[in-house]
Structure formats: C-alpha cells, structure tokens
>>> print(open('my_file-v6.cif').read())   # mmCIF, N, CA and C atoms
data_final
loop_
_atom_site.label_atom_id
_atom_site.label_comp_id
_atom_site.auth_asym_id
_atom_site.auth_seq_id
_atom_site.Cartn_x
_atom_site.Cartn_y
_atom_site.Cartn_z
N GLY A 9 0.82 -1.18 0.00
CA GLY A 9 0.00 0.00 0.00
C GLY A 9 0.86 1.24 0.00
N GLU A 10 0.22 2.33 0.15
CA GLU A 10 0.92 3.61 0.15
C GLU A 10 0.60 4.38 1.42
N ALA A 11 1.50 5.24 1.80
CA ALA A 11 1.28 6.09 2.97
C ALA A 11 2.06 7.37 2.76
N SER A 12 1.42 8.48 3.04
CA SER A 12 2.15 9.75 3.01
C SER A 12 1.45 10.72 3.94
N LEU A 13 2.20 11.65 4.41
CA LEU A 13 1.68 12.63 5.35
C LEU A 13 1.13 13.84 4.62
N GLU A 14 0.16 14.49 5.22
CA GLU A 14 -0.39 15.70 4.66
C GLU A 14 0.67 16.79 4.73
N GLY A 15 0.82 17.52 3.63
CA GLY A 15 1.81 18.58 3.57
C GLY A 15 1.20 19.94 3.85
N ALA A 16 1.97 20.96 3.61
CA ALA A 16 1.54 22.34 3.86
C ALA A 16 0.37 22.76 2.98
N HIS A 17 0.21 22.09 1.84
CA HIS A 17 -0.85 22.45 0.91
C HIS A 17 -2.06 21.52 1.00
N GLY A 18 -2.19 20.76 2.06
CA GLY A 18 -3.34 19.87 2.22
C GLY A 18 -2.97 18.43 1.98
N PRO A 19 -3.98 17.60 1.72
CA PRO A 19 -3.75 16.17 1.55
C PRO A 19 -2.79 15.87 0.40
N SER A 20 -2.02 14.82 0.56
CA SER A 20 -1.09 14.40 -0.48
C SER A 20 -1.86 13.95 -1.70
N GLN A 21 -1.35 14.28 -2.87
CA GLN A 21 -1.96 13.82 -4.12
C GLN A 21 -1.06 12.82 -4.83
N ASP A 22 -0.08 12.30 -4.11
CA ASP A 22 0.83 11.32 -4.67
C ASP A 22 0.10 9.99 -4.89
N PHE A 23 0.69 9.15 -5.72
CA PHE A 23 0.13 7.82 -5.95
C PHE A 23 1.28 6.84 -6.11
N ALA A 24 1.15 5.68 -5.51
CA ALA A 24 2.17 4.64 -5.60
C ALA A 24 1.51 3.29 -5.76
N ALA A 25 2.20 2.39 -6.43
CA ALA A 25 1.69 1.02 -6.59
C ALA A 25 2.86 0.09 -6.87
N ILE A 26 2.64 -1.16 -6.55
CA ILE A 26 3.62 -2.21 -6.83
C ILE A 26 3.02 -3.14 -7.87
N GLY A 27 3.80 -3.43 -8.89
CA GLY A 27 3.37 -4.37 -9.92
C GLY A 27 4.10 -5.69 -9.72
N ASP A 28 3.33 -6.75 -9.57
CA ASP A 28 3.90 -8.08 -9.39
C ASP A 28 3.02 -9.04 -10.16
N PRO A 29 3.41 -9.35 -11.40
CA PRO A 29 2.57 -10.22 -12.22
C PRO A 29 2.59 -11.68 -11.79
N GLY A 30 3.35 -12.00 -10.76
CA GLY A 30 3.43 -13.38 -10.30
C GLY A 30 4.52 -14.14 -11.03
N GLY A 31 5.03 -15.12 -10.39
CA GLY A 31 6.10 -15.90 -11.00
C GLY A 31 7.39 -15.11 -11.06
N ALA A 32 8.39 -15.71 -11.61
CA ALA A 32 9.69 -15.05 -11.73
C ALA A 32 9.89 -14.59 -13.17
N GLY A 33 9.01 -13.72 -13.63
CA GLY A 33 9.09 -13.23 -15.00
C GLY A 33 10.34 -12.39 -15.23
N PRO A 34 10.60 -12.06 -16.49
CA PRO A 34 11.81 -11.33 -16.83
C PRO A 34 11.86 -9.91 -16.27
N ARG A 35 10.74 -9.32 -15.95
CA ARG A 35 10.71 -7.96 -15.42
C ARG A 35 10.63 -7.91 -13.90
N GLY A 36 10.47 -9.03 -13.25
CA GLY A 36 10.44 -9.07 -11.79
C GLY A 36 9.27 -8.30 -11.21
N VAL A 37 9.53 -7.59 -10.14
CA VAL A 37 8.54 -6.77 -9.45
C VAL A 37 8.93 -5.32 -9.66
N ALA A 38 7.94 -4.44 -9.84
CA ALA A 38 8.23 -3.02 -10.06
C ALA A 38 7.43 -2.17 -9.09
N LEU A 39 8.05 -1.10 -8.65
CA LEU A 39 7.40 -0.10 -7.80
C LEU A 39 7.40 1.21 -8.55
N ALA A 40 6.28 1.89 -8.55
CA ALA A 40 6.19 3.20 -9.20
C ALA A 40 5.56 4.19 -8.23
N LEU A 41 6.10 5.39 -8.22
CA LEU A 41 5.62 6.47 -7.36
C LEU A 41 5.59 7.74 -8.19
N ALA A 42 4.48 8.47 -8.13
CA ALA A 42 4.36 9.74 -8.85
C ALA A 42 3.93 10.83 -7.88
N ASP A 43 4.58 11.96 -7.98
CA ASP A 43 4.24 13.14 -7.19
C ASP A 43 3.04 13.80 -7.84
N GLY A 44 1.97 13.96 -7.09
CA GLY A 44 0.75 14.53 -7.62
C GLY A 44 0.75 16.03 -7.75
N ALA A 45 1.87 16.69 -7.49
CA ALA A 45 1.95 18.16 -7.61
C ALA A 45 0.75 18.78 -6.92
N GLY A 46 0.68 18.60 -5.63
CA GLY A 46 -0.48 18.91 -4.80
C GLY A 46 -1.16 20.25 -4.93
N VAL A 47 -0.52 21.26 -5.50
CA VAL A 47 -1.19 22.56 -5.56
C VAL A 47 -2.05 22.71 -6.79
N GLY A 48 -1.92 21.84 -7.77
CA GLY A 48 -2.72 21.94 -8.99
C GLY A 48 -3.93 21.03 -8.93
N ARG A 49 -4.94 21.35 -9.73
CA ARG A 49 -6.12 20.49 -9.77
C ARG A 49 -5.79 19.22 -10.53
N GLY A 50 -6.34 18.12 -10.09
CA GLY A 50 -6.15 16.86 -10.78
C GLY A 50 -4.82 16.20 -10.55
N GLY A 51 -4.07 16.66 -9.56
CA GLY A 51 -2.75 16.07 -9.31
C GLY A 51 -2.81 14.60 -8.97
N ARG A 52 -3.76 14.22 -8.16
CA ARG A 52 -3.90 12.82 -7.74
C ARG A 52 -4.24 11.94 -8.94
N GLU A 53 -5.16 12.41 -9.77
CA GLU A 53 -5.56 11.64 -10.94
C GLU A 53 -4.40 11.51 -11.93
N ALA A 54 -3.66 12.58 -12.13
CA ALA A 54 -2.52 12.53 -13.04
C ALA A 54 -1.45 11.56 -12.52
N ALA A 55 -1.21 11.59 -11.22
CA ALA A 55 -0.23 10.68 -10.63
C ALA A 55 -0.67 9.24 -10.79
N GLU A 56 -1.95 8.99 -10.61
CA GLU A 56 -2.45 7.62 -10.76
C GLU A 56 -2.34 7.13 -12.20
N ILE A 57 -2.69 7.99 -13.16
CA ILE A 57 -2.54 7.62 -14.57
C ILE A 57 -1.09 7.26 -14.86
N ALA A 58 -0.17 8.09 -14.39
CA ALA A 58 1.25 7.85 -14.66
C ALA A 58 1.72 6.51 -14.09
N VAL A 59 1.35 6.24 -12.85
CA VAL A 59 1.79 5.00 -12.21
C VAL A 59 1.17 3.78 -12.88
N ARG A 60 -0.12 3.82 -13.10
CA ARG A 60 -0.79 2.66 -13.71
C ARG A 60 -0.27 2.39 -15.13
N GLN A 61 -0.08 3.45 -15.90
CA GLN A 61 0.43 3.28 -17.26
C GLN A 61 1.88 2.78 -17.26
N PHE A 62 2.67 3.27 -16.32
CA PHE A 62 4.05 2.80 -16.22
C PHE A 62 4.08 1.30 -15.94
N LEU A 63 3.34 0.87 -14.93
CA LEU A 63 3.36 -0.55 -14.57
C LEU A 63 2.83 -1.42 -15.70
N SER A 64 1.77 -0.98 -16.35
CA SER A 64 1.20 -1.73 -17.47
C SER A 64 2.22 -1.85 -18.60
N GLY A 65 2.83 -0.73 -18.96
CA GLY A 65 3.80 -0.73 -20.05
C GLY A 65 5.08 -1.48 -19.71
N TRP A 66 5.50 -1.39 -18.46
CA TRP A 66 6.73 -2.08 -18.03
C TRP A 66 6.60 -3.59 -18.25
N PHE A 67 5.48 -4.15 -17.83
CA PHE A 67 5.31 -5.59 -17.93
C PHE A 67 4.89 -6.05 -19.33
N ALA A 68 4.41 -5.13 -20.16
CA ALA A 68 4.01 -5.48 -21.53
C ALA A 68 5.16 -5.34 -22.53
N ALA A 69 6.25 -4.70 -22.13
CA ALA A 69 7.38 -4.48 -23.04
C ALA A 69 8.02 -5.81 -23.45
N PRO A 70 8.57 -5.84 -24.65
CA PRO A 70 9.25 -7.07 -25.09
C PRO A 70 10.35 -7.49 -24.12
N GLU A 71 10.47 -8.76 -23.90
CA GLU A 71 11.48 -9.28 -22.97
C GLU A 71 12.90 -8.95 -23.42
N THR A 72 13.08 -8.74 -24.70
CA THR A 72 14.42 -8.46 -25.23
C THR A 72 14.86 -7.02 -24.97
N TRP A 73 13.95 -6.16 -24.55
CA TRP A 73 14.28 -4.76 -24.29
C TRP A 73 14.87 -4.61 -22.89
N GLY A 74 15.94 -3.87 -22.78
CA GLY A 74 16.50 -3.52 -21.48
C GLY A 74 15.68 -2.40 -20.85
N ALA A 75 15.98 -2.10 -19.60
CA ALA A 75 15.24 -1.07 -18.87
C ALA A 75 15.30 0.28 -19.57
N ARG A 76 16.47 0.65 -20.05
CA ARG A 76 16.61 1.96 -20.71
C ARG A 76 15.68 2.08 -21.92
N ARG A 77 15.65 1.07 -22.74
CA ARG A 77 14.80 1.11 -23.93
C ARG A 77 13.32 1.16 -23.55
N VAL A 78 12.94 0.39 -22.55
CA VAL A 78 11.55 0.42 -22.10
C VAL A 78 11.18 1.83 -21.65
N LEU A 79 12.03 2.43 -20.83
CA LEU A 79 11.74 3.77 -20.31
C LEU A 79 11.74 4.81 -21.41
N GLU A 80 12.67 4.73 -22.35
CA GLU A 80 12.71 5.70 -23.45
C GLU A 80 11.44 5.66 -24.30
N ASN A 81 10.85 4.50 -24.41
CA ASN A 81 9.61 4.36 -25.17
C ASN A 81 8.37 4.66 -24.34
N LEU A 82 8.41 4.30 -23.10
CA LEU A 82 7.24 4.38 -22.24
C LEU A 82 6.98 5.78 -21.68
N LEU A 83 8.01 6.45 -21.21
CA LEU A 83 7.80 7.74 -20.53
C LEU A 83 7.19 8.82 -21.42
N PRO A 84 7.61 8.97 -22.68
CA PRO A 84 6.93 9.97 -23.51
C PRO A 84 5.45 9.66 -23.72
N GLU A 85 5.12 8.39 -23.83
CA GLU A 85 3.71 7.98 -23.99
C GLU A 85 2.90 8.34 -22.74
N ILE A 86 3.47 8.08 -21.58
CA ILE A 86 2.78 8.40 -20.32
C ILE A 86 2.57 9.90 -20.22
N ASN A 87 3.61 10.68 -20.51
CA ASN A 87 3.50 12.13 -20.46
C ASN A 87 2.40 12.63 -21.39
N ALA A 88 2.37 12.10 -22.60
CA ALA A 88 1.34 12.51 -23.56
C ALA A 88 -0.06 12.16 -23.07
N GLN A 89 -0.21 10.99 -22.47
CA GLN A 89 -1.53 10.59 -21.98
C GLN A 89 -2.00 11.50 -20.85
N VAL A 90 -1.11 11.83 -19.93
CA VAL A 90 -1.48 12.73 -18.84
C VAL A 90 -1.85 14.10 -19.41
N ARG A 91 -1.07 14.60 -20.36
CA ARG A 91 -1.35 15.91 -20.96
C ARG A 91 -2.70 15.90 -21.67
N ARG A 92 -2.98 14.84 -22.42
CA ARG A 92 -4.28 14.74 -23.11
C ARG A 92 -5.43 14.75 -22.12
N ALA A 93 -5.26 14.04 -21.03
CA ALA A 93 -6.33 13.94 -20.02
C ALA A 93 -6.65 15.30 -19.43
N TYR A 94 -5.66 16.16 -19.29
CA TYR A 94 -5.89 17.44 -18.62
C TYR A 94 -6.00 18.62 -19.57
N LEU A 95 -5.57 18.49 -20.80
CA LEU A 95 -5.77 19.57 -21.77
C LEU A 95 -7.16 19.51 -22.38
N SER A 96 -7.79 18.33 -22.31
CA SER A 96 -9.13 18.18 -22.87
C SER A 96 -10.22 18.70 -21.94
N GLU A 97 -9.87 19.00 -20.71
CA GLU A 97 -10.89 19.47 -19.74
C GLU A 97 -11.16 20.94 -19.91
#
>>> encode(input="my_file-v6.cif", output="structure tokens")
Amino acid sequence: GEASLEGAHGPSQDFAAIGDPGGAGPRGVALALADGAGVGRGGREAAEIAVRQFLSGWFAAPETWGARRVLENLLPEINAQVRRAYLSE
C-alpha cells in the first residue's frame, strides 16, 4: 500500500503502486511512485494515470528490451496521456 503525510498544501496527491505479475518473470517486481503536484487540480488523478500506465507498459514491453529502452519508449507515452487527459478538460 501507500502512505504519506499531509503537507503544507493539504492532503497528499501522490500515488504509488507495486506491480507483481506473479512468477519469476523477466521484469520481476516493479514499484512506481508519482508526485501529484499537490497545488494543482487533478494532481492525484494525473499521478495515478502515470503510475498505472508505467506498470502496465513495463510488464508489456518485449522481454528483449532492457530497462533503458523500455523507459525511453514508455515515458513519452505516459507524459502525452497525462497531458491529453488534462488539456481536454
């Protein structure tokens, strides 16, 4: 689970999750944490989108890809998805 303390700007908008697809797969277990940028609207939702998309993409990446290649492909996609979610509002 996750735990964080309330900061100066109110409740934490961070989001964290652990991905464990079971078994001893090639990607193992992954932990993702995103700062919800607590002073802006939708910080918690943006953080959750980022974490969930990271974990999904991490475990879906080809086994032949190293961590660097996975991240180089995955992070721009996550950023674009978060931006689309909040620019469309």
>>> closest_atom_pairs(input="my_file-v6.cif", of="range 63-97 of chain A", to="range 37-52 of chain A", cutoff="9 Å", atoms="only C-alpha atoms", output="tab-separated table")
residue	atom	partner	partner_atom	distance
A:Leu63	CA	A:Ala38	CA	7.1
A:Trp66	CA	A:Ala38	CA	8.2
A:Phe67	CA	A:Ala38	CA	8.8
A:Tyr94	CA	A:Gly50	CA	7.9
>>> closest_residue(input="my_file-v6.cif", among="A:Gly36, A:Asn87, A:Leu82, A:Ala24", to="Glu56 in chain A", atoms="all atoms listed in the file")
A:Ala24
>>> closest_residue(input="my_file-v6.cif", among="A:Ala16, A:Asp22, A:Val90, A:Gly27", to="Ala68 in chain A", atoms="only C-alpha atoms")
A:Gly27
>>> select_by_dssp(input="my_file-v6.cif", residues="chain A", states="alpha helix (DSSP H)", output="PyMOL selection string")
chain A and resi 51-68+75-95
>>> atom_distance(input="my_file-v6.cif", atom1="CA of Asp28 in chain A", atom2="CA of Ala69 in chain A")
14.5 Å
>>> select_by_dssp(input="my_file-v6.cif", residues="chain A", states="strand (DSSP E or B)", output="list of chain:residue names")
A:Gly15, A:Gly18, A:Phe23, A:Ala24, A:Ala25, A:Ile26, A:Gly27, A:Ala38, A:Leu39, A:Ala40, A:Leu41, A:Ala42
>>> atom_distance(input="my_file-v6.cif", atom1="CA of Ala88 in chain A", atom2="CA of Ile57 in chain A")
10.9 Å
>>> decode(input="my_file-v6.cif", residues="range 45-61 of chain A", atoms="N, CA, C and O atoms", output="PDB file, in the first residue's frame")
ATOM      1  N   ALA A  45       1.872  16.692  -7.491  1.00  0.00           N
ATOM      2  CA  ALA A  45       1.952  18.157  -7.606  1.00  0.00           C
ATOM      3  C   ALA A  45       0.746  18.781  -6.923  1.00  0.00           C
ATOM      4  O   ALA A  45      -0.108  19.396  -7.549  1.00  0.00           O
ATOM      5  N   GLY A  46       0.677  18.598  -5.631  1.00  0.00           N
ATOM      6  CA  GLY A  46      -0.476  18.906  -4.803  1.00  0.00           C
ATOM      7  C   GLY A  46      -1.160  20.246  -4.927  1.00  0.00           C
ATOM      8  O   GLY A  46      -2.289  20.386  -4.519  1.00  0.00           O
ATOM      9  N   VAL A  47      -0.519  21.257  -5.498  1.00  0.00           N
ATOM     10  CA  VAL A  47      -1.188  22.558  -5.559  1.00  0.00           C
ATOM     11  C   VAL A  47      -2.054  22.709  -6.792  1.00  0.00           C
ATOM     12  O   VAL A  47      -2.863  23.619  -6.865  1.00  0.00           O
ATOM     13  N   GLY A  48      -1.918  21.841  -7.774  1.00  0.00           N
ATOM     14  CA  GLY A  48      -2.724  21.944  -8.988  1.00  0.00           C
ATOM     15  C   GLY A  48      -3.931  21.032  -8.930  1.00  0.00           C
ATOM     16  O   GLY A  48      -3.971  20.067  -8.186  1.00  0.00           O
ATOM     17  N   ARG A  49      -4.939  21.351  -9.732  1.00  0.00           N
ATOM     18  CA  ARG A  49      -6.123  20.491  -9.770  1.00  0.00           C
ATOM     19  C   ARG A  49      -5.786  19.217 -10.530  1.00  0.00           C
ATOM     20  O   ARG A  49      -5.019  19.224 -11.479  1.00  0.00           O
ATOM     21  N   GLY A  50      -6.345  18.124 -10.089  1.00  0.00           N
ATOM     22  CA  GLY A  50      -6.151  16.860 -10.782  1.00  0.00           C
ATOM     23  C   GLY A  50      -4.820  16.198 -10.551  1.00  0.00           C
ATOM     24  O   GLY A  50      -4.470  15.255 -11.260  1.00  0.00           O
ATOM     25  N   GLY A  51      -4.069  16.655  -9.564  1.00  0.00           N
ATOM     26  CA  GLY A  51      -2.755  16.072  -9.313  1.00  0.00           C
ATOM     27  C   GLY A  51      -2.815  14.600  -8.973  1.00  0.00           C
ATOM     28  O   GLY A  51      -2.016  13.802  -9.463  1.00  0.00           O
ATOM     29  N   ARG A  52      -3.764  14.220  -8.158  1.00  0.00           N
ATOM     30  CA  ARG A  52      -3.895  12.818  -7.742  1.00  0.00           C
ATOM     31  C   ARG A  52      -4.236  11.939  -8.935  1.00  0.00           C
ATOM     32  O   ARG A  52      -3.679  10.863  -9.128  1.00  0.00           O
ATOM     33  N   GLU A  53      -5.156  12.415  -9.771  1.00  0.00           N
ATOM     34  CA  GLU A  53      -5.560  11.641 -10.943  1.00  0.00           C
ATOM     35  C   GLU A  53      -4.405  11.506 -11.929  1.00  0.00           C
ATOM     36  O   GLU A  53      -4.185  10.439 -12.498  1.00  0.00           O
ATOM     37  N   ALA A  54      -3.660  12.582 -12.134  1.00  0.00           N
ATOM     38  CA  ALA A  54      -2.516  12.531 -13.043  1.00  0.00           C
ATOM     39  C   ALA A  54      -1.454  11.556 -12.524  1.00  0.00           C
ATOM     40  O   ALA A  54      -0.875  10.778 -13.290  1.00  0.00           O
ATOM     41  N   ALA A  55      -1.207  11.591 -11.223  1.00  0.00           N
ATOM     42  CA  ALA A  55      -0.231  10.684 -10.626  1.00  0.00           C
ATOM     43  C   ALA A  55      -0.673   9.237 -10.792  1.00  0.00           C
ATOM     44  O   ALA A  55       0.144   8.357 -11.105  1.00  0.00           O
ATOM     45  N   GLU A  56      -1.947   8.989 -10.607  1.00  0.00           N
ATOM     46  CA  GLU A  56      -2.453   7.617 -10.758  1.00  0.00           C
ATOM     47  C   GLU A  56      -2.344   7.133 -12.204  1.00  0.00           C
ATOM     48  O   GLU A  56      -1.946   5.994 -12.457  1.00  0.00           O
ATOM     49  N   ILE A  57      -2.688   7.989 -13.158  1.00  0.00           N
ATOM     50  CA  ILE A  57      -2.545   7.624 -14.570  1.00  0.00           C
ATOM     51  C   ILE A  57      -1.092   7.257 -14.864  1.00  0.00           C
ATOM     52  O   ILE A  57      -0.810   6.236 -15.490  1.00  0.00           O
ATOM     53  N   ALA A  58      -0.167   8.085 -14.394  1.00  0.00           N
ATOM     54  CA  ALA A  58       1.251   7.851 -14.663  1.00  0.00           C
ATOM     55  C   ALA A  58       1.720   6.514 -14.088  1.00  0.00           C
ATOM     56  O   ALA A  58       2.390   5.733 -14.777  1.00  0.00           O
ATOM     57  N   VAL A  59       1.353   6.241 -12.853  1.00  0.00           N
ATOM     58  CA  VAL A  59       1.790   5.004 -12.206  1.00  0.00           C
ATOM     59  C   VAL A  59       1.168   3.782 -12.875  1.00  0.00           C
ATOM     60  O   VAL A  59       1.858   2.808 -13.191  1.00  0.00           O
ATOM     61  N   ARG A  60      -0.122   3.824 -13.105  1.00  0.00           N
ATOM     62  CA  ARG A  60      -0.790   2.662 -13.712  1.00  0.00           C
ATOM     63  C   ARG A  60      -0.272   2.390 -15.125  1.00  0.00           C
ATOM     64  O   ARG A  60      -0.060   1.240 -15.511  1.00  0.00           O
ATOM     65  N   GLN A  61      -0.076   3.450 -15.905  1.00  0.00           N
ATOM     66  CA  GLN A  61       0.428   3.278 -17.261  1.00  0.00           C
ATOM     67  C   GLN A  61       1.878   2.782 -17.261  1.00  0.00           C
ATOM     68  O   GLN A  61       2.265   1.978 -18.103  1.00  0.00           O
TER      69      GLN A  61
END
